[in-house]
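Quick notes on the structure that follows.
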Amino acid sequence: MADFEDQWPVAKYHFRVTIDGEEMSFQEVSGLEAETSVIEYRNGDSEFFHPIKQAGLMKTSNLVLKKGVFDEDDRLLELFNQIYDDKAYYGDEDTRMDIIVELLDETGETVMAWNIERAFPIKLTGTDLKSDANEVAIESIEFAYETIETSLDG
């Protein structure tokens with residue numbers, strides 16, 4: 001008997017991103033991850049010939065958000081420019097942002113959420129330009145962040 005009989009996995013194409021209370025549309029989100037380093041230690045007089053292991057400090061990756069370029073939409077540029085205006089690199093609590101990424105089901109209800117805290121923009125990438133391409137212009141912004149908390153809200 002299956003664990004989730006008569007259920008289907010949630011599709012990953014229906015999601016919502018909120019940056020400091022403002023909902024924004026993105027084509028792609030990546031970097032929702034955290035990992036811990038492993039600390040290994042062995043006493044010189046240990047009777048075992050292997051180290052003991054324990055969890056070390058948590059480390060997060062960078063959050064990358066990609067969206068289409070729209071005429072007169074400068075929100076990503078405004079977010080990125082905050083590092084110049086507010087000195088986000090220097091740890092001022094008011095300049096850091098909270099970002100919420102929500103995976104939605106077919107009815108628009110939140111199934112899973114990632115709460116990202118103390119984020120600041122570190123990279124803004126404009127679209128590549130090709131005269132023979134038939135593609136939408138995509139821009140991206142990258143955030144460094146300190147903590148990520150994953151929750152199941154379904």
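Chain labels A, B, ... are given in the sequence in which chains occur in the structure tokens; within each chain residues are numbered consecutively from 1, and ligands are likewise numbered from 1 in the order shown.
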
Residues within 6 Å of Asp153 of chain A, please, as a short mmCIF file (atom, residue, chain, number, x, y, z; two decimals) with C-alpha atoms, in the first residue's frame. Count only C-alpha atoms; anything in the same chain fewer than 4 positions from it doesn't count.
data_model
loop_
_atom_site.label_atom_id
_atom_site.label_comp_id
_atom_site.auth_asym_id
_atom_site.auth_seq_id
_atom_site.Cartn_x
_atom_site.Cartn_y
_atom_site.Cartn_z
CA THR A 110 0.35 27.55 0.27
CA VAL A 111 1.74 24.02 0.48
CA MET A 112 5.29 24.84 1.51
#

Give me, as a list in words, the residues of segment 18-99 of chain A that a backbone DSSP run labels helix (DSSP H, G or I). Arg75, Leu76, Leu77, Glu78, Leu79, Phe80, Asn81, Gln82, Ile83, Tyr84, Asp85, Ala88, Tyr89, Tyr90, Glu93, Asp94 and Thr95 of chain A

Using only C-alpha atoms, which residues sit within 9 Å of Ile148 of chain A once same-chain residues fewer than 5 positions away are excluded, as JSON, numbers by chain? {"A": [32, 33, 34, 60, 114, 115, 116, 117]}

Save the residues we just selected, C-alpha atoms, as a compact mmCIF listing (two decimals), in the first residue's frame?
# COMPACT_ATOMS: atom_id res chain seq x y z
CA LEU A 32 16.53 27.59 -1.28
CA GLU A 33 19.07 25.56 0.64
CA ALA A 34 20.99 25.32 3.87
CA THR A 60 23.12 29.04 3.38
CA TRP A 114 10.61 29.24 2.81
CA ASN A 115 11.12 32.20 5.15
CA ILE A 116 14.41 33.91 4.39
CA GLU A 117 15.69 36.45 6.89

Would you please extract all strand (DSSP E) residues from segment 27-150 of chain A, as assigned by DSSP on the backbone, and give them as an mmCIF file with N, CA and C atoms, in the first residue's frame?
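File produced: part28.cif:
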data_model
loop_
_atom_site.group_PDB
_atom_site.id
_atom_site.type_symbol
_atom_site.label_atom_id
_atom_site.label_comp_id
_atom_site.auth_asym_id
_atom_site.auth_seq_id
_atom_site.Cartn_x
_atom_site.Cartn_y
_atom_site.Cartn_z
ATOM 1 N N GLU A 28 11.706 32.267 -12.142
ATOM 2 C CA GLU A 28 12.502 31.187 -11.573
ATOM 3 C C GLU A 28 13.073 31.602 -10.216
ATOM 4 N N VAL A 29 13.109 30.651 -9.291
ATOM 5 C CA VAL A 29 13.705 30.840 -7.975
ATOM 6 C C VAL A 29 14.668 29.683 -7.730
ATOM 7 N N SER A 30 15.882 29.991 -7.282
ATOM 8 C CA SER A 30 16.826 28.935 -6.910
ATOM 9 C C SER A 30 17.642 29.393 -5.713
ATOM 10 N N ALA A 34 20.107 25.105 2.721
ATOM 11 C CA ALA A 34 20.995 25.322 3.866
ATOM 12 C C ALA A 34 21.671 23.999 4.161
ATOM 13 N N GLU A 35 22.876 24.076 4.667
ATOM 14 C CA GLU A 35 23.595 22.857 5.029
ATOM 15 C C GLU A 35 24.456 23.142 6.248
ATOM 16 N N THR A 36 24.862 22.093 6.899
ATOM 17 C CA THR A 36 25.731 22.232 8.053
ATOM 18 C C THR A 36 27.070 21.580 7.754
ATOM 19 N N SER A 37 28.112 22.185 8.248
ATOM 20 C CA SER A 37 29.424 21.557 8.106
ATOM 21 C C SER A 37 29.554 20.489 9.186
ATOM 22 N N VAL A 38 30.454 19.568 8.964
ATOM 23 C CA VAL A 38 30.670 18.477 9.911
ATOM 24 C C VAL A 38 31.978 18.730 10.648
ATOM 25 N N ILE A 39 31.914 18.634 11.959
ATOM 26 C CA ILE A 39 33.101 18.770 12.783
ATOM 27 C C ILE A 39 33.577 17.366 13.147
ATOM 28 N N GLU A 40 34.824 17.074 12.842
ATOM 29 C CA GLU A 40 35.402 15.772 13.181
ATOM 30 C C GLU A 40 36.477 15.971 14.245
ATOM 31 N N TYR A 41 36.484 15.066 15.222
ATOM 32 C CA TYR A 41 37.452 15.172 16.309
ATOM 33 C C TYR A 41 37.802 13.770 16.807
ATOM 34 N N ILE A 52 35.045 11.167 15.993
ATOM 35 C CA ILE A 52 33.632 11.396 16.273
ATOM 36 C C ILE A 52 33.187 12.556 15.390
ATOM 37 N N LYS A 53 31.925 12.584 15.049
ATOM 38 C CA LYS A 53 31.406 13.638 14.171
ATOM 39 C C LYS A 53 30.216 14.306 14.832
ATOM 40 N N GLN A 54 30.132 15.613 14.631
ATOM 41 C CA GLN A 54 28.980 16.354 15.118
ATOM 42 C C GLN A 54 28.681 17.495 14.159
ATOM 43 N N ALA A 55 27.473 18.025 14.270
ATOM 44 C CA ALA A 55 27.058 19.118 13.385
ATOM 45 C C ALA A 55 27.778 20.402 13.761
ATOM 46 N N GLY A 56 28.171 21.144 12.741
ATOM 47 C CA GLY A 56 28.848 22.427 12.945
ATOM 48 C C GLY A 56 27.939 23.588 12.608
ATOM 49 N N LEU A 57 28.514 24.657 12.123
ATOM 50 C CA LEU A 57 27.754 25.853 11.783
ATOM 51 C C LEU A 57 26.897 25.639 10.542
ATOM 52 N N MET A 58 25.736 26.289 10.521
ATOM 53 C CA MET A 58 24.858 26.241 9.355
ATOM 54 C C MET A 58 25.359 27.234 8.309
ATOM 55 N N LYS A 59 25.195 26.870 7.048
ATOM 56 C CA LYS A 59 25.610 27.725 5.945
ATOM 57 C C LYS A 59 24.480 27.742 4.919
ATOM 58 N N THR A 60 24.154 28.923 4.408
ATOM 59 C CA THR A 60 23.121 29.043 3.383
ATOM 60 C C THR A 60 23.764 29.395 2.054
ATOM 61 N N LEU A 63 20.264 33.216 -2.795
ATOM 62 C CA LEU A 63 18.955 33.132 -3.438
ATOM 63 C C LEU A 63 19.024 33.876 -4.763
ATOM 64 N N VAL A 64 18.630 33.206 -5.846
ATOM 65 C CA VAL A 64 18.639 33.821 -7.176
ATOM 66 C C VAL A 64 17.206 33.882 -7.687
ATOM 67 N N LEU A 65 16.762 35.076 -8.070
ATOM 68 C CA LEU A 65 15.417 35.297 -8.594
ATOM 69 C C LEU A 65 15.533 35.833 -10.016
ATOM 70 N N LYS A 66 14.793 35.220 -10.951
ATOM 71 C CA LYS A 66 14.829 35.645 -12.358
ATOM 72 C C LYS A 66 13.432 36.034 -12.811
ATOM 73 N N LYS A 67 13.373 37.105 -13.609
ATOM 74 C CA LYS A 67 12.088 37.560 -14.133
ATOM 75 C C LYS A 67 12.266 38.214 -15.486
ATOM 76 N N GLY A 68 11.177 38.333 -16.197
ATOM 77 C CA GLY A 68 11.194 39.010 -17.481
ATOM 78 C C GLY A 68 11.377 40.512 -17.319
ATOM 79 N N MET A 97 16.480 42.555 4.331
ATOM 80 C CA MET A 97 15.130 42.247 3.874
ATOM 81 C C MET A 97 14.723 40.849 4.296
ATOM 82 N N ASP A 98 13.430 40.669 4.472
ATOM 83 C CA ASP A 98 12.854 39.346 4.677
ATOM 84 C C ASP A 98 12.155 38.957 3.382
ATOM 85 N N ILE A 99 12.391 37.729 2.941
ATOM 86 C CA ILE A 99 11.820 37.235 1.687
ATOM 87 C C ILE A 99 11.061 35.952 1.988
ATOM 88 N N ILE A 100 9.853 35.838 1.466
ATOM 89 C CA ILE A 100 9.055 34.626 1.629
ATOM 90 C C ILE A 100 8.805 34.042 0.245
ATOM 91 N N VAL A 101 9.143 32.777 0.077
ATOM 92 C CA VAL A 101 8.866 32.051 -1.160
ATOM 93 C C VAL A 101 7.852 30.967 -0.805
ATOM 94 N N GLU A 102 6.734 30.951 -1.514
ATOM 95 C CA GLU A 102 5.670 29.986 -1.221
ATOM 96 C C GLU A 102 5.382 29.121 -2.439
ATOM 97 N N LEU A 103 5.343 27.830 -2.238
ATOM 98 C CA LEU A 103 4.905 26.880 -3.258
ATOM 99 C C LEU A 103 3.398 26.730 -3.100
ATOM 100 N N LEU A 104 2.656 26.914 -4.207
ATOM 101 C CA LEU A 104 1.192 26.923 -4.156
ATOM 102 C C LEU A 104 0.609 25.694 -4.834
ATOM 103 N N THR A 110 -1.057 27.843 -0.018
ATOM 104 C CA THR A 110 0.347 27.554 0.269
ATOM 105 C C THR A 110 0.512 26.119 0.744
ATOM 106 N N VAL A 111 1.409 25.388 0.090
ATOM 107 C CA VAL A 111 1.740 24.020 0.477
ATOM 108 C C VAL A 111 3.029 24.000 1.298
ATOM 109 N N MET A 112 3.989 24.782 0.853
ATOM 110 C CA MET A 112 5.292 24.843 1.507
ATOM 111 C C MET A 112 5.796 26.272 1.413
ATOM 112 N N ALA A 113 6.494 26.723 2.456
ATOM 113 C CA ALA A 113 7.013 28.092 2.457
ATOM 114 C C ALA A 113 8.449 28.100 2.949
ATOM 115 N N TRP A 114 9.236 29.000 2.379
ATOM 116 C CA TRP A 114 10.613 29.239 2.807
ATOM 117 C C TRP A 114 10.685 30.677 3.292
ATOM 118 N N ASN A 115 10.981 30.864 4.563
ATOM 119 C CA ASN A 115 11.120 32.198 5.148
ATOM 120 C C ASN A 115 12.606 32.528 5.235
ATOM 121 N N ILE A 116 13.006 33.516 4.482
ATOM 122 C CA ILE A 116 14.408 33.912 4.394
ATOM 123 C C ILE A 116 14.560 35.226 5.148
ATOM 124 N N GLU A 117 15.519 35.261 6.059
ATOM 125 C CA GLU A 117 15.692 36.448 6.891
ATOM 126 C C GLU A 117 17.068 37.070 6.697
ATOM 127 N N ARG A 118 17.100 38.394 6.878
ATOM 128 C CA ARG A 118 18.332 39.187 6.829
ATOM 129 C C ARG A 118 19.044 39.051 5.483
ATOM 130 N N ALA A 119 18.276 39.232 4.417
ATOM 131 C CA ALA A 119 18.825 39.138 3.060
ATOM 132 C C ALA A 119 19.219 40.522 2.564
ATOM 133 N N PHE A 120 20.223 40.538 1.696
ATOM 134 C CA PHE A 120 20.596 41.787 1.020
ATOM 135 C C PHE A 120 21.087 41.443 -0.377
ATOM 136 N N PRO A 121 20.818 42.331 -1.354
ATOM 137 C CA PRO A 121 21.191 42.051 -2.743
ATOM 138 C C PRO A 121 22.703 42.131 -2.930
ATOM 139 N N ILE A 122 23.238 41.192 -3.698
ATOM 140 C CA ILE A 122 24.681 41.189 -3.956
ATOM 141 C C ILE A 122 25.019 41.199 -5.443
ATOM 142 N N LYS A 123 24.024 40.914 -6.291
ATOM 143 C CA LYS A 123 24.327 40.856 -7.717
ATOM 144 C C LYS A 123 23.063 41.122 -8.527
ATOM 145 N N LEU A 124 23.192 41.965 -9.533
ATOM 146 C CA LEU A 124 22.109 42.245 -10.477
ATOM 147 C C LEU A 124 22.635 41.936 -11.862
ATOM 148 N N THR A 125 21.930 41.076 -12.582
ATOM 149 C CA THR A 125 22.377 40.669 -13.912
ATOM 150 C C THR A 125 21.318 41.071 -14.930
ATOM 151 N N ILE A 138 15.443 38.390 -19.923
ATOM 152 C CA ILE A 138 15.368 37.961 -18.531
ATOM 153 C C ILE A 138 16.449 38.684 -17.727
ATOM 154 N N GLU A 139 16.060 39.233 -16.570
ATOM 155 C CA GLU A 139 17.016 39.824 -15.642
ATOM 156 C C GLU A 139 16.984 39.015 -14.346
ATOM 157 N N SER A 140 18.051 39.093 -13.565
ATOM 158 C CA SER A 140 18.087 38.338 -12.313
ATOM 159 C C SER A 140 18.735 39.161 -11.217
ATOM 160 N N ILE A 141 18.358 38.827 -9.985
ATOM 161 C CA ILE A 141 18.951 39.448 -8.810
ATOM 162 C C ILE A 141 19.323 38.333 -7.840
ATOM 163 N N GLU A 142 20.457 38.506 -7.182
ATOM 164 C CA GLU A 142 20.952 37.499 -6.254
ATOM 165 C C GLU A 142 21.062 38.121 -4.866
ATOM 166 N N PHE A 143 20.602 37.376 -3.869
ATOM 167 C CA PHE A 143 20.632 37.827 -2.484
ATOM 168 C C PHE A 143 21.496 36.893 -1.645
ATOM 169 N N ALA A 144 22.291 37.455 -0.753
ATOM 170 C CA ALA A 144 22.918 36.686 0.317
ATOM 171 C C ALA A 144 21.954 36.771 1.499
ATOM 172 N N THR A 147 19.546 33.301 7.355
ATOM 173 C CA THR A 147 18.785 32.138 7.810
ATOM 174 C C THR A 147 17.649 31.825 6.857
ATOM 175 N N ILE A 148 17.288 30.545 6.812
ATOM 176 C CA ILE A 148 16.143 30.081 6.033
ATOM 177 C C ILE A 148 15.389 29.056 6.862
ATOM 178 N N GLU A 149 14.095 29.219 6.931
ATOM 179 C CA GLU A 149 13.233 28.299 7.683
ATOM 180 C C GLU A 149 12.178 27.761 6.722
ATOM 181 N N THR A 150 12.099 26.456 6.612
ATOM 182 C CA THR A 150 11.142 25.808 5.726
ATOM 183 C C THR A 150 9.963 25.310 6.550
#

Which residue gives the smallest distance to Val10 of chain A among A:Asn134, A:Asn62, A:Thr127, A:Thr107, with only C-alpha atoms counted? A:Thr107

Å distance separating atom CA of Arg75 of chain A from atom CA of Val136 of chain A, one decimal place: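 These two atoms are separated by 18.0 Å.
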
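You will find atom CA of Tyr13 of chain A at 13.5 Å from atom CA of Glu109 of chain A.
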
Find the distance between atom CA of Ala133 of chain A and atom CA of Leu77 of chain A and write it in Å to one decimal.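 Interatomic distance, atom CA of Ala133 of chain A to atom CA of Leu77 of chain A: 24.5 Å.
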
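When only C-alpha atoms are used to measure the gap to Asp105 of chain A, the shortest distance among A:Asp74, A:Glu146, A:Lys12, A:Gln7 belongs to A:Lys12.
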